[in-house]
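Printed here is my_file_19.cif (mmCIF, C-alpha atoms and all ligand atoms):
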data_input
loop_
_atom_site.label_atom_id
_atom_site.label_comp_id
_atom_site.auth_asym_id
_atom_site.auth_seq_id
_atom_site.Cartn_x
_atom_site.Cartn_y
_atom_site.Cartn_z
CA MET Z 1043 77.83 60.06 108.45
CA ASP Z 1044 78.11 61.04 104.78
CA GLU Z 1045 75.77 64.03 104.79
CA ILE Z 1046 75.40 66.93 107.20
CA ARG Z 1047 71.80 67.72 108.10
CA ILE Z 1048 71.93 71.48 108.42
CA GLY Z 1049 69.41 74.05 109.64
CA VAL Z 1050 69.68 77.63 108.39
CA ALA Z 1051 68.91 80.34 110.97
CA GLY Z 1052 68.26 83.80 109.52
CA LEU Z 1053 66.45 84.02 106.20
CA GLY Z 1054 67.53 87.44 104.95
CA HIS Z 1055 69.54 88.06 101.78
CA ARG Z 1056 72.55 86.17 103.02
CA GLY Z 1057 70.44 83.29 104.37
CA LEU Z 1058 68.94 82.85 100.90
CA HIS Z 1059 72.43 82.79 99.41
CA TRP Z 1060 73.43 80.07 101.90
CA ILE Z 1061 70.31 78.06 101.05
CA ARG Z 1062 71.20 78.11 97.34
CA LEU Z 1063 74.86 77.29 97.97
CA LEU Z 1064 74.20 74.48 100.46
CA GLN Z 1065 72.15 72.72 97.79
CA SER Z 1066 75.08 72.81 95.36
CA VAL Z 1067 77.97 71.85 97.67
CA PRO Z 1068 78.04 68.05 98.08
CA GLY Z 1069 77.68 66.74 101.63
CA TYR Z 1070 74.83 68.92 102.89
CA ARG Z 1071 71.09 68.46 103.25
CA ILE Z 1072 68.98 71.35 104.54
CA THR Z 1073 66.53 69.89 107.05
CA ALA Z 1074 65.31 73.00 108.89
CA ILE Z 1075 64.99 76.76 108.54
CA TYR Z 1076 64.37 79.41 111.18
CA ASP Z 1077 63.53 83.12 111.23
CA TRP Z 1078 61.27 85.01 113.60
CA ILE Z 1079 59.75 86.96 110.67
CA GLU Z 1080 57.29 84.38 109.36
CA PRO Z 1081 56.70 85.79 105.81
CA LEU Z 1082 60.42 85.22 105.14
CA GLN Z 1083 60.02 81.50 105.78
CA GLU Z 1084 57.91 80.92 102.66
CA ARG Z 1085 60.38 82.94 100.56
CA ALA Z 1086 63.16 80.65 101.81
CA LEU Z 1087 61.18 77.44 101.29
CA ALA Z 1088 60.59 78.46 97.69
CA GLU Z 1089 64.37 78.22 97.16
CA ILE Z 1090 64.61 74.63 98.44
CA ALA Z 1091 64.06 71.80 95.94
CA HIS Z 1092 62.98 69.32 98.66
CA ARG Z 1093 60.89 71.89 100.58
CA ASP Z 1094 58.35 69.33 101.84
CA ASP Z 1095 61.07 67.64 103.93
CA VAL Z 1096 62.16 70.84 105.64
CA ARG Z 1097 60.95 71.75 109.14
CA VAL Z 1098 60.16 75.44 109.68
CA PHE Z 1099 60.71 77.18 113.02
CA ALA Z 1100 59.90 80.60 114.44
CA ASN Z 1101 61.37 79.91 117.90
CA TYR Z 1102 65.12 79.44 118.32
CA TYR Z 1103 64.95 76.93 121.16
CA ASP Z 1104 62.46 74.72 119.28
CA PHE Z 1105 64.80 74.92 116.27
CA LEU Z 1106 67.83 73.90 118.38
CA ALA Z 1107 65.88 71.04 119.94
CA TYR Z 1108 65.12 69.51 116.52
CA ASP Z 1109 66.93 66.15 116.39
CA GLY Z 1110 66.84 65.95 112.59
CA MET Z 1111 69.63 68.53 112.41
CA ASP Z 1112 73.40 68.03 113.03
CA ALA Z 1113 74.56 71.56 112.34
CA VAL Z 1114 73.35 75.14 112.40
CA GLY Z 1115 74.18 77.71 109.73
CA LEU Z 1116 73.85 80.95 111.66
CA VAL Z 1117 73.03 83.76 109.23
CA VAL Z 1118 71.27 86.27 111.47
CA ARG Z 1119 72.32 89.90 111.71
CA GLN Z 1120 72.05 90.50 115.37
CA MET Z 1121 73.83 91.67 118.49
CA GLU Z 1122 73.16 88.28 120.11
CA GLN Z 1123 74.82 86.34 117.31
CA GLY Z 1124 77.62 85.01 119.57
CA THR Z 1125 75.15 83.96 122.24
CA MET Z 1126 73.11 82.11 119.61
CA ALA Z 1127 76.25 80.29 118.41
CA ALA Z 1128 77.15 79.32 121.99
CA GLU Z 1129 73.60 78.07 122.60
CA ALA Z 1130 73.68 75.97 119.43
CA LEU Z 1131 76.91 74.30 120.61
CA GLU Z 1132 75.30 73.73 124.02
CA ALA Z 1133 72.40 72.06 122.19
CA GLY Z 1134 74.91 69.64 120.60
CA LYS Z 1135 74.97 71.16 117.10
CA HIS Z 1136 78.02 72.00 115.01
CA VAL Z 1137 77.99 75.69 114.06
CA ASN Z 1138 78.97 77.50 110.88
CA SER Z 1139 78.41 81.16 111.72
CA GLU Z 1140 78.29 84.18 109.48
CA VAL Z 1141 80.48 87.11 110.42
CA PRO Z 1142 80.92 88.68 112.92
CA ALA Z 1143 81.38 85.82 115.40
CA ALA Z 1144 80.34 87.79 118.48
CA TYR Z 1145 79.80 91.22 120.02
CA THR Z 1146 81.04 90.67 123.59
CA MET Z 1147 84.04 89.04 125.22
CA GLU Z 1148 81.75 86.81 127.23
CA GLU Z 1149 80.29 85.42 123.98
CA CYS Z 1150 83.81 84.85 122.57
CA TRP Z 1151 84.79 82.87 125.66
CA ARG Z 1152 81.52 80.95 125.72
CA ILE Z 1153 82.04 79.79 122.13
CA VAL Z 1154 85.68 78.81 122.80
CA THR Z 1155 84.93 76.87 125.99
CA ASN Z 1156 81.91 75.15 124.45
CA VAL Z 1157 84.07 73.93 121.55
CA GLU Z 1158 86.70 72.73 124.01
CA ARG Z 1159 84.14 70.90 126.15
CA THR Z 1160 82.04 69.36 123.37
CA GLY Z 1161 84.55 68.72 120.57
CA LEU Z 1162 81.92 70.04 118.14
CA VAL Z 1163 82.99 71.98 115.05
CA TYR Z 1164 82.67 75.76 115.19
CA SER Z 1165 83.59 77.56 112.00
CA LEU Z 1166 83.35 81.23 111.09
CA ALA Z 1167 82.24 81.77 107.51
CA GLU Z 1168 84.78 84.58 107.02
CA GLN Z 1169 85.53 83.89 103.39
CA THR Z 1170 87.73 86.86 102.47
CA ARG Z 1171 90.77 85.12 103.97
CA PHE Z 1172 90.54 82.66 101.05
CA TRP Z 1173 90.94 85.36 98.41
CA GLY Z 1174 93.79 84.75 95.98
CA PHE Z 1175 95.81 87.88 96.78
CA VAL Z 1176 95.86 86.96 100.48
CA ASP Z 1177 97.88 83.83 99.79
CA GLY Z 1178 100.02 85.82 97.33
CA TRP Z 1179 100.89 88.41 99.98
CA LYS Z 1180 101.39 85.70 102.60
CA LYS Z 1181 103.95 83.95 100.39
CA LEU Z 1182 105.89 87.21 99.99
CA VAL Z 1183 105.89 87.74 103.78
CA ASP Z 1184 106.73 84.09 104.59
CA ASP Z 1185 109.63 84.18 102.10
CA GLY Z 1186 110.97 87.35 103.74
CA MET Z 1187 110.62 89.41 100.53
CA LEU Z 1188 109.11 92.34 102.43
CA GLY Z 1189 111.38 91.98 105.48
CA ARG Z 1190 109.80 92.51 108.88
CA ILE Z 1191 106.29 93.95 108.58
CA THR Z 1192 106.18 97.00 110.83
CA TYR Z 1193 102.79 98.38 109.71
CA ALA Z 1194 99.61 96.95 108.23
CA GLU Z 1195 96.28 98.52 107.44
CA GLY Z 1196 92.82 97.29 106.56
CA GLN Z 1197 89.61 99.14 105.83
CA TYR Z 1198 86.04 98.30 104.90
CA LEU Z 1199 84.04 101.33 103.80
CA GLY Z 1200 80.75 101.23 101.94
CA TYR Z 1201 77.31 102.79 101.71
CA TYR Z 1202 74.68 100.26 102.63
CA GLY Z 1203 71.89 102.63 103.68
CA THR Z 1204 70.53 102.36 100.20
CA HIS Z 1205 69.12 98.91 100.69
CA GLN Z 1206 68.67 97.25 104.04
CA TRP Z 1207 69.09 99.67 106.94
CA PHE Z 1208 65.28 100.03 107.42
CA GLN Z 1209 62.77 97.21 107.72
CA ASP Z 1210 59.10 96.43 108.21
CA PHE Z 1211 59.38 93.72 110.86
CA LYS Z 1212 55.91 92.33 110.04
CA THR Z 1213 56.66 91.53 106.40
CA GLY Z 1214 60.47 91.45 106.55
CA ARG Z 1215 60.66 93.94 103.65
CA GLN Z 1216 63.77 96.11 103.76
CA TYR Z 1217 63.89 99.73 102.59
CA PRO Z 1218 66.55 102.27 101.70
CA VAL Z 1219 66.58 105.58 103.53
CA GLU Z 1220 65.15 107.30 100.42
CA ALA Z 1221 61.96 105.17 100.68
CA LEU Z 1222 61.12 106.26 104.24
CA PRO Z 1223 58.59 108.99 103.29
CA ASP Z 1224 56.46 106.35 101.47
CA HIS Z 1225 56.97 103.65 104.11
CA PRO Z 1226 56.29 104.97 107.61
CA GLU Z 1227 56.06 101.34 108.76
CA ALA Z 1228 59.81 100.89 108.15
CA GLU Z 1229 61.89 101.02 111.34
CA PRO Z 1230 65.64 101.21 111.81
CA ALA Z 1231 66.87 97.67 111.22
CA ASN Z 1232 69.43 95.72 113.23
CA PRO Z 1233 72.51 96.94 111.31
CA GLN Z 1234 71.87 100.43 112.63
CA TYR Z 1235 72.41 99.26 116.20
CA LEU Z 1236 75.71 97.54 115.50
CA PRO Z 1237 79.04 99.33 116.04
CA TYR Z 1238 80.75 99.39 112.67
CA ILE Z 1239 84.25 98.75 114.01
CA ILE Z 1240 83.08 95.18 114.77
CA SER Z 1241 83.57 94.63 111.03
CA ALA Z 1242 87.31 95.22 111.51
CA SER Z 1243 87.37 91.53 112.41
CA TYR Z 1244 86.93 90.59 108.71
CA ASP Z 1245 89.97 92.44 107.39
CA LEU Z 1246 91.92 91.58 110.52
CA SER Z 1247 91.36 87.91 109.71
CA ILE Z 1248 93.23 88.55 106.44
CA LEU Z 1249 96.06 90.54 107.99
CA LEU Z 1250 96.64 88.10 110.87
CA LYS Z 1251 96.60 85.15 108.46
CA ILE Z 1252 99.35 86.82 106.41
CA LEU Z 1253 101.33 87.89 109.48
CA ASP Z 1254 100.71 84.68 111.48
CA ASP Z 1255 100.37 86.93 114.49
CA ARG Z 1256 97.94 88.00 117.17
CA VAL Z 1257 96.87 91.40 118.50
CA ILE Z 1258 97.84 92.18 122.10
CA GLU Z 1259 96.62 95.78 122.51
CA VAL Z 1260 93.90 97.90 120.93
CA THR Z 1261 92.44 101.39 121.17
CA GLY Z 1262 89.45 102.79 119.28
CA MET Z 1263 88.01 106.14 118.19
CA SER Z 1264 84.70 107.10 116.63
CA THR Z 1265 82.92 110.09 115.17
CA LYS Z 1266 79.73 110.86 117.10
CA PRO Z 1267 76.46 109.03 116.32
CA PRO Z 1268 74.08 109.52 114.55
CA SER Z 1269 75.47 109.78 111.04
CA TYR Z 1270 76.51 113.22 109.72
CA THR Z 1271 75.93 112.04 106.14
CA THR Z 1272 72.50 110.51 106.64
CA PRO Z 1273 71.01 111.65 109.97
CA GLU Z 1274 68.31 108.93 109.79
CA MET Z 1275 71.10 106.41 110.43
CA LEU Z 1276 71.79 105.84 114.10
CA ASN Z 1277 75.43 104.71 113.77
CA ALA Z 1278 78.52 106.86 113.79
CA ASP Z 1279 79.95 107.37 110.30
CA ILE Z 1280 83.56 106.38 110.94
CA GLN Z 1281 85.29 104.21 113.51
CA VAL Z 1282 89.02 103.50 113.70
CA ALA Z 1283 91.07 101.06 115.76
CA LEU Z 1284 94.82 101.06 116.34
CA MET Z 1285 96.43 97.78 117.35
CA LYS Z 1286 99.79 96.33 118.32
CA THR Z 1287 100.66 92.70 117.69
CA GLU Z 1288 102.75 90.16 119.59
CA LYS Z 1289 105.45 90.36 116.86
CA ASP Z 1290 105.46 94.19 117.13
CA THR Z 1291 103.49 95.20 114.04
CA LEU Z 1292 101.23 98.25 114.27
CA ILE Z 1293 97.82 97.86 112.59
CA ARG Z 1294 95.17 100.41 111.74
CA MET Z 1295 91.61 99.32 110.92
CA LEU Z 1296 88.93 101.67 109.51
CA ASN Z 1297 85.19 101.00 109.15
CA GLY Z 1298 82.10 102.93 108.09
CA PHE Z 1299 78.97 102.16 106.10
CA ASN Z 1300 77.00 105.42 106.01
CA GLN Z 1301 78.98 107.60 103.63
CA PRO Z 1302 78.68 107.42 99.84
CA ARG Z 1303 81.71 105.80 98.25
CA PRO Z 1304 82.57 104.82 94.68
CA HIS Z 1305 81.27 101.42 93.67
CA GLY Z 1306 83.77 98.62 93.37
CA ASP Z 1307 86.19 97.76 96.12
CA HIS Z 1308 84.93 98.44 99.60
CA HIS Z 1309 88.07 96.97 101.10
CA TRP Z 1310 91.63 98.26 101.10
CA TRP Z 1311 94.82 96.98 102.68
CA GLN Z 1312 98.49 97.79 102.80
CA MET Z 1313 101.57 96.28 104.43
CA ILE Z 1314 104.82 98.12 104.98
CA GLY Z 1315 107.94 96.08 105.69
CA THR Z 1316 111.62 96.77 106.22
CA LYS Z 1317 112.43 95.47 102.71
CA GLY Z 1318 109.31 96.30 100.73
CA SER Z 1319 105.60 97.09 100.67
CA VAL Z 1320 102.35 95.92 99.10
CA GLU Z 1321 99.08 97.77 98.74
CA TRP Z 1322 95.65 97.13 97.20
CA ARG Z 1323 94.32 99.15 94.25
CA ARG Z 1324 92.65 102.49 94.93
CA SER Z 1325 90.27 102.32 91.96
CA GLY Z 1326 88.96 99.93 89.34
CA LYS Z 1327 91.35 101.53 86.83
CA GLU Z 1328 94.40 100.42 88.83
CA LYS Z 1329 96.00 97.20 89.96
CA PRO Z 1330 97.47 96.34 93.37
CA LYS Z 1331 101.08 97.39 93.85
CA LEU Z 1332 104.39 95.98 95.05
CA TRP Z 1333 107.65 97.75 95.85
CA LEU Z 1334 110.86 95.97 96.84
CA ALA Z 1335 113.67 98.01 98.40
CA ASP Z 1336 116.69 96.05 97.14
CA THR Z 1337 115.71 95.66 93.49
CA GLN Z 1338 116.45 99.12 92.02
CA MET Z 1339 112.70 99.76 91.63
CA ASN Z 1340 112.24 103.53 91.34
CA ASP Z 1341 108.47 103.26 91.51
CA TRP Z 1342 105.71 100.84 92.50
CA MET Z 1343 105.10 97.88 90.22
CA GLU Z 1344 101.51 96.94 89.35
CA VAL Z 1345 100.64 93.27 90.01
CA ASP Z 1346 97.46 91.56 88.87
CA TRP Z 1347 96.45 90.18 92.26
CA GLN Z 1348 92.72 89.54 92.44
CA TYR Z 1349 90.12 88.17 94.81
CA ARG Z 1350 89.73 85.15 92.54
CA ARG Z 1351 92.17 82.34 93.17
CA THR Z 1352 94.13 80.99 90.23
CA ASP Z 1353 93.68 77.46 91.68
CA ALA Z 1354 89.92 77.51 92.47
CA PRO Z 1355 88.19 74.21 91.64
CA PRO Z 1356 85.23 74.39 89.19
CA GLU Z 1357 82.72 73.94 92.03
CA ALA Z 1358 83.99 77.14 93.70
CA ARG Z 1359 83.43 79.28 90.59
CA GLY Z 1360 80.49 81.64 90.91
CA SER Z 1361 79.89 80.80 94.59
CA GLY Z 1362 80.15 84.49 95.51
CA HIS Z 1363 82.75 87.02 96.68
CA GLY Z 1364 85.36 86.12 94.06
CA ASP Z 1365 84.56 82.39 94.42
CA ALA Z 1366 85.53 82.46 98.11
CA ASP Z 1367 82.07 81.65 99.55
CA TYR Z 1368 82.52 78.00 98.57
CA TYR Z 1369 85.54 77.48 100.82
CA VAL Z 1370 83.80 78.13 104.15
CA HIS Z 1371 81.24 75.41 103.39
CA MET Z 1372 83.90 73.03 102.09
CA TYR Z 1373 86.12 73.36 105.18
CA PHE Z 1374 83.16 73.10 107.58
CA ARG Z 1375 81.94 69.95 105.80
CA ASP Z 1376 85.38 68.34 105.78
CA ALA Z 1377 85.88 69.12 109.47
CA ILE Z 1378 82.65 67.28 110.33
CA LEU Z 1379 82.63 64.44 107.81
CA LYS Z 1380 86.39 63.76 107.55
CA GLY Z 1381 87.56 65.08 110.93
CA GLU Z 1382 89.97 67.50 109.23
CA ALA Z 1383 91.26 70.28 111.50
CA LEU Z 1384 90.11 73.77 110.57
CA ALA Z 1385 93.03 76.08 109.74
CA TYR Z 1386 90.84 78.97 110.89
CA ASP Z 1387 90.12 77.30 114.22
CA VAL Z 1388 88.16 78.82 117.07
CA TYR Z 1389 91.29 80.42 118.57
CA ARG Z 1390 92.25 82.13 115.33
CA VAL Z 1391 88.64 83.26 114.92
CA MET Z 1392 88.81 84.93 118.33
CA ASP Z 1393 92.25 86.40 117.53
CA SER Z 1394 90.42 88.38 114.82
CA MET Z 1395 87.18 88.95 116.72
CA ALA Z 1396 88.31 90.04 120.19
CA PRO Z 1397 90.34 93.10 119.07
CA ALA Z 1398 87.22 94.42 117.29
CA VAL Z 1399 85.01 93.75 120.34
CA LEU Z 1400 87.55 95.48 122.56
CA ALA Z 1401 87.84 98.41 120.13
CA VAL Z 1402 84.13 99.03 120.82
CA ASP Z 1403 84.84 98.92 124.55
CA SER Z 1404 87.76 101.29 124.09
CA ILE Z 1405 85.55 103.77 122.21
CA GLU Z 1406 82.99 103.61 125.02
CA GLU Z 1407 85.77 104.22 127.57
CA GLY Z 1408 87.32 107.31 125.95
CA SER Z 1409 89.86 105.42 123.80
CA ARG Z 1410 91.49 103.56 126.69
CA VAL Z 1411 94.16 101.09 125.51
CA VAL Z 1412 92.79 97.59 126.18
CA SER Z 1413 94.77 94.31 126.41
CA VAL Z 1414 93.62 91.45 124.19
CA PRO Z 1415 93.71 87.97 125.79
CA ASP Z 1416 95.05 84.81 124.18
CA PHE Z 1417 92.12 82.36 124.02
CA ARG Z 1418 94.27 79.23 123.97
CA PRO Z 1419 94.11 77.13 127.14
CA GLY Z 1420 97.07 77.18 129.51
CA GLY Z 1421 98.31 79.17 132.45
CA ASP Z 1422 95.48 79.43 134.94
CA ARG Z 1423 92.74 78.51 132.43
CA PRO Z 1424 92.24 74.78 131.85
CA SER Z 1425 90.57 73.78 128.56
CA GLY Z 1426 86.79 74.04 128.76
CA GLN Z 1427 86.70 76.52 131.65
CA MET Z 1428 85.73 80.18 131.44
CA PRO Z 1429 88.52 82.50 132.62
CA ALA Z 1430 88.16 84.39 135.90
CA ASP Z 1431 88.43 87.71 134.04
CA LEU Z 1432 86.49 87.79 130.77
CA GLY Z 1433 88.01 91.11 129.63
CA GLY Z 1434 86.02 93.92 128.10
CA ILE Z 1435 83.14 95.81 129.65
CA GLY Z 1436 80.30 93.71 128.25
CA GLY Z 1437 77.83 96.52 127.59
CA ARG Z 1438 76.99 97.95 124.21
CA ILE Z 1439 75.64 101.22 122.85
CA HIS Z 1440 71.97 100.93 121.86
CA VAL Z 1441 71.72 97.27 122.80
CA THR Z 1442 68.53 97.68 124.80
CA LYS Z 1443 66.83 99.54 121.95
CA MET Z 1444 67.53 96.86 119.38
CA PRO Z 1445 64.42 95.49 117.65
CA GLY Z 1446 63.39 91.89 117.64
CA ARG Z 1447 62.89 88.98 119.96
CA ARG Z 1448 64.14 85.44 120.12
N1 LIG B 1 80.35 86.94 104.62
C1 LIG B 1 79.78 87.87 103.87
O1 LIG B 1 80.27 88.25 102.82
C2 LIG B 1 78.47 88.45 104.29
C3 LIG B 1 77.72 89.23 103.40
C4 LIG B 1 76.49 89.72 103.84
C5 LIG B 1 76.07 89.45 105.13
N2 LIG B 1 76.85 88.71 105.95
C6 LIG B 1 76.43 88.37 107.30
O2 LIG B 1 75.29 87.53 107.17
C7 LIG B 1 74.37 87.79 108.23
C8 LIG B 1 72.98 88.07 107.66
O3 LIG B 1 73.07 89.18 106.78
P1 LIG B 1 71.79 89.63 105.93
O4 LIG B 1 72.28 90.67 105.00
O5 LIG B 1 71.09 88.46 105.39
O6 LIG B 1 70.94 90.31 107.08
P2 LIG B 1 69.35 90.52 107.08
O7 LIG B 1 69.10 91.51 108.15
O8 LIG B 1 68.87 90.81 105.69
O9 LIG B 1 68.79 89.11 107.48
C9 LIG B 1 68.97 88.58 108.74
C10 LIG B 1 67.77 87.76 109.09
O10 LIG B 1 67.98 87.22 110.39
C11 LIG B 1 66.77 87.32 111.10
N3 LIG B 1 67.11 87.36 112.52
C12 LIG B 1 67.92 88.22 113.16
N4 LIG B 1 68.00 87.89 114.46
C13 LIG B 1 67.21 86.81 114.62
C14 LIG B 1 66.90 86.00 115.71
N5 LIG B 1 67.45 86.21 116.92
N6 LIG B 1 66.04 84.99 115.53
C15 LIG B 1 65.51 84.76 114.29
N7 LIG B 1 65.79 85.46 113.21
C16 LIG B 1 66.63 86.48 113.38
C17 LIG B 1 66.09 88.57 110.63
O11 LIG B 1 64.70 88.52 110.85
C18 LIG B 1 66.47 88.58 109.15
O12 LIG B 1 65.50 87.97 108.37
C19 LIG B 1 74.97 88.92 109.03
O13 LIG B 1 75.63 88.37 110.14
C20 LIG B 1 75.97 89.55 108.11
O14 LIG B 1 77.06 90.12 108.81
C21 LIG B 1 78.03 88.21 105.55
#
Could you render the structure from this file as structure tokens?
Amino acid sequence: MDEIRIGVAGLGHRGLHWIRLLQSVPGYRITAIYDWIEPLQERALAEIAHRDDVRVFANYYDFLAYDGMDAVGLVVRQMEQGTMAAEALEAGKHVNSEVPAAYTMEECWRIVTNVERTGLVYSLAEQTRFWGFVDGWKKLVDDGMLGRITYAEGQYLGYYGTHQWFQDFKTGRQYPVEALPDHPEAEPANPQYLPYIISASYDLSILLKILDDRVIEVTGMSTKPPSYTTPEMLNADIQVALMKTEKDTLIRMLNGFNQPRPHGDHHWWQMIGTKGSVEWRRSGKEKPKLWLADTQMNDWMEVDWQYRRTDAPPEARGSGHGDADYYVHMYFRDAILKGEALAYDVYRVMDSMAPAVLAVDSIEEGSRVVSVPDFRPGGDRPSGQMPADLGGIGGRIHVTKMPGRR
């Protein structure tokens, strides 16, 4: 095989971005598209140069049954995202899924065991781990410059209510909260039903890559829903998770997308070690900072770490998110066409995903401290078999009220 025939599921903003990118990265041919909102299908077709060769689906199981497709690009925003990934693997398709990977422990296990049983490629398109500064910080940690990392922190805060938190499900048009008086047809869209702390999995992917570690315990806390800032929003404003890793690092994750914030960086991270610390910039006027204990540094030093990699190939430039969007399609392609192992394999994906899923459970259970399983086979779980105890409580706030159908 020298070309992956890929079908794109989910034709929102991000799906359109994937459609454009997949036509520029060598090794892909889009052969199918799928979204249950039919007016969005034409908008997506208009972006595809060879549109007449593309099959269009409005039913997921018909889409998965299409034999002109080797792989699914899963770009839905949806509580059942993990189930859809697991079903695609069960249908014999490789899966490149947008973040987050899953919302329940059962989905995490189903994806892992399906990969083990089928040998198909499952990749999570979590691109932020390919940002330049991540490898810069990892080198400092690997070389022991910061000593033992005792504390790490990641946050993702933004205000997204201004564009896509309300939607007319007939046309697919999305509306900001300010447009509601003129658009009574707009209903709360899927993002409003999703617990924000699930997004901790993105920044955790960065921190665990740097630390080469895995979370073993997590507890979560949340302000009360609906939003204090924007009462039309159903989600809580702020959710926090505290975690402990196998190597004994404490981690704090913070997420919220209802409150106004300055434009620019939505993410922030810091790492505190026994011999030094690093932290991201607080504003566009600053640079990230480094402090090393044994070097007579009286104050932090500013370092020009960026999202952009200094070694990005020309084809990565302009792909999105500081050039990082390219890498998730490159690694997925090379895993399928060249058989190259994914560094961010399904176990590492779940190392980042499960603590966020269990933070939601912890919040629902009054901040109970929850153990995080290791997804690798061994002990009493042979490869390909679901464990006896899935972990987590499985249920989710609002899940039954979520709009849409499959
Ligand atoms: N990696 C990143 O930087 C990044 C950035 C933005 C969004 N995302 C992720 O991309 C995904 C899509 O984001 P978006 O902003 O395009 O969302 P969106 O809501 O604008 O679009 C999602 C589309 O999926 C469709 N959909 C949802 N569930 C479906 C189902 N079961 N069957 C058929 N269609 C379904 C919806 O109708 C909608 O058209 C999300 O998972 C989001 O987390 C990732």
Exercise for the section: May I ask for the distance between atom N6 of ligand LIG 1 (chain B) and atom CA of Z:Ile1079, given in Å to one decimal place? Expected result: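 Interatomic distance here is 8.2 Å.
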Problem - Interatomic distance, atom CA of Z:Glu1382 to atom CA of Z:Glu1132 (Å, one decimal) - result: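 If I compute the distance from atom CA of Z:Glu1382 to atom CA of Z:Glu1132, I get 21.7 Å.
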Using only C-alpha atoms and all ligand atoms, what does the table of chain Z residues within 6 Å of ligand LIG 1 (chain B) look like, with each row giving the shortest atom pair and its distance in Å to one decimal, sorted by chain and ascending number, as a Markdown table?
| residue | atom | partner | partner_atom | distance |
| --- | --- | --- | --- | --- |
| Z:Gly1052 | CA | B:LIG1 | O10 | 3.5 |
| Z:Leu1053 | CA | B:LIG1 | O12 | 4.6 |
| Z:Gly1054 | CA | B:LIG1 | O9 | 3.3 |
| Z:His1055 | CA | B:LIG1 | O5 | 3.9 |
| Z:Arg1056 | CA | B:LIG1 | O5 | 3.6 |
| Z:Gly1057 | CA | B:LIG1 | O5 | 5.3 |
| Z:Asp1077 | CA | B:LIG1 | N7 | 3.8 |
| Z:Trp1078 | CA | B:LIG1 | C15 | 4.3 |
| Z:Ile1079 | CA | B:LIG1 | O11 | 5.2 |
| Z:Val1117 | CA | B:LIG1 | C7 | 4.4 |
| Z:Val1118 | CA | B:LIG1 | O10 | 3.6 |
| Z:Arg1119 | CA | B:LIG1 | C19 | 3.9 |
| Z:Gln1120 | CA | B:LIG1 | N4 | 4.9 |
| Z:Glu1140 | CA | B:LIG1 | O13 | 5.0 |
| Z:Val1141 | CA | B:LIG1 | O14 | 4.8 |
| Z:Pro1142 | CA | B:LIG1 | O14 | 5.8 |
| Z:Glu1168 | CA | B:LIG1 | N1 | 5.6 |
| Z:Arg1448 | CA | B:LIG1 | N5 | 4.7 |
Practice task
Take the point (100.1, 90.1, 104.0) in the file's coordinates, draw a sphere of radius 9 Å around it, and report as a PyMOL selection string every protein, DNA or RNA residue with an atom inside or on it, counting all atoms listed in the file.
Solution key: chain Z and resi 1175-1184+1191+1194+1248-1253+1311-1313+1320
Could you write out that same residue set with C-alpha atoms as an mmCIF file, in the frame of the given file?
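Okay, this is what ended up in again.cif:
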data_model
loop_
_atom_site.group_PDB
_atom_site.id
_atom_site.type_symbol
_atom_site.label_atom_id
_atom_site.label_comp_id
_atom_site.auth_asym_id
_atom_site.auth_seq_id
_atom_site.Cartn_x
_atom_site.Cartn_y
_atom_site.Cartn_z
ATOM 1 C CA PHE Z 1175 95.810 87.880 96.780
ATOM 2 C CA VAL Z 1176 95.860 86.960 100.480
ATOM 3 C CA ASP Z 1177 97.880 83.830 99.790
ATOM 4 C CA GLY Z 1178 100.020 85.820 97.330
ATOM 5 C CA TRP Z 1179 100.890 88.410 99.980
ATOM 6 C CA LYS Z 1180 101.390 85.700 102.600
ATOM 7 C CA LYS Z 1181 103.950 83.950 100.390
ATOM 8 C CA LEU Z 1182 105.890 87.210 99.990
ATOM 9 C CA VAL Z 1183 105.890 87.740 103.780
ATOM 10 C CA ASP Z 1184 106.730 84.090 104.590
ATOM 11 C CA ILE Z 1191 106.290 93.950 108.580
ATOM 12 C CA ALA Z 1194 99.610 96.950 108.230
ATOM 13 C CA ILE Z 1248 93.230 88.550 106.440
ATOM 14 C CA LEU Z 1249 96.060 90.540 107.990
ATOM 15 C CA LEU Z 1250 96.640 88.100 110.870
ATOM 16 C CA LYS Z 1251 96.600 85.150 108.460
ATOM 17 C CA ILE Z 1252 99.350 86.820 106.410
ATOM 18 C CA LEU Z 1253 101.330 87.890 109.480
ATOM 19 C CA TRP Z 1311 94.820 96.980 102.680
ATOM 20 C CA GLN Z 1312 98.490 97.790 102.800
ATOM 21 C CA MET Z 1313 101.570 96.280 104.430
ATOM 22 C CA VAL Z 1320 102.350 95.920 99.100
#
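Across the structure, atom CA of Z:Gly1364 and atom CA of Z:Arg1350 are spaced 4.7 Å apart.
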Exercise for the section: Counting all atoms listed in the file, figure out which residue out of Z:Tyr1386, Z:Tyr1202, Z:Tyr1217, Z:Tyr1368 gets nearest to Z:Ser1066. Expected result: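 Smallest distance to Z:Ser1066 is found for Z:Tyr1368.
Checking Z:Met1187, Z:Asp1104, Z:Asn1277, Z:Val1411 one by one against Z:Asp1336, counting only C-alpha atoms, you find the shortest gap at Z:Met1187.
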Practice task
Go through Z:Leu1188, Z:Asp1095, Z:Pro1218, Z:Ala1398 and flag the residue nearest Z:Thr1337, using all atoms listed in the file for the distances.
Solution key: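 Selected residue with least distance to Z:Thr1337: Z:Leu1188.
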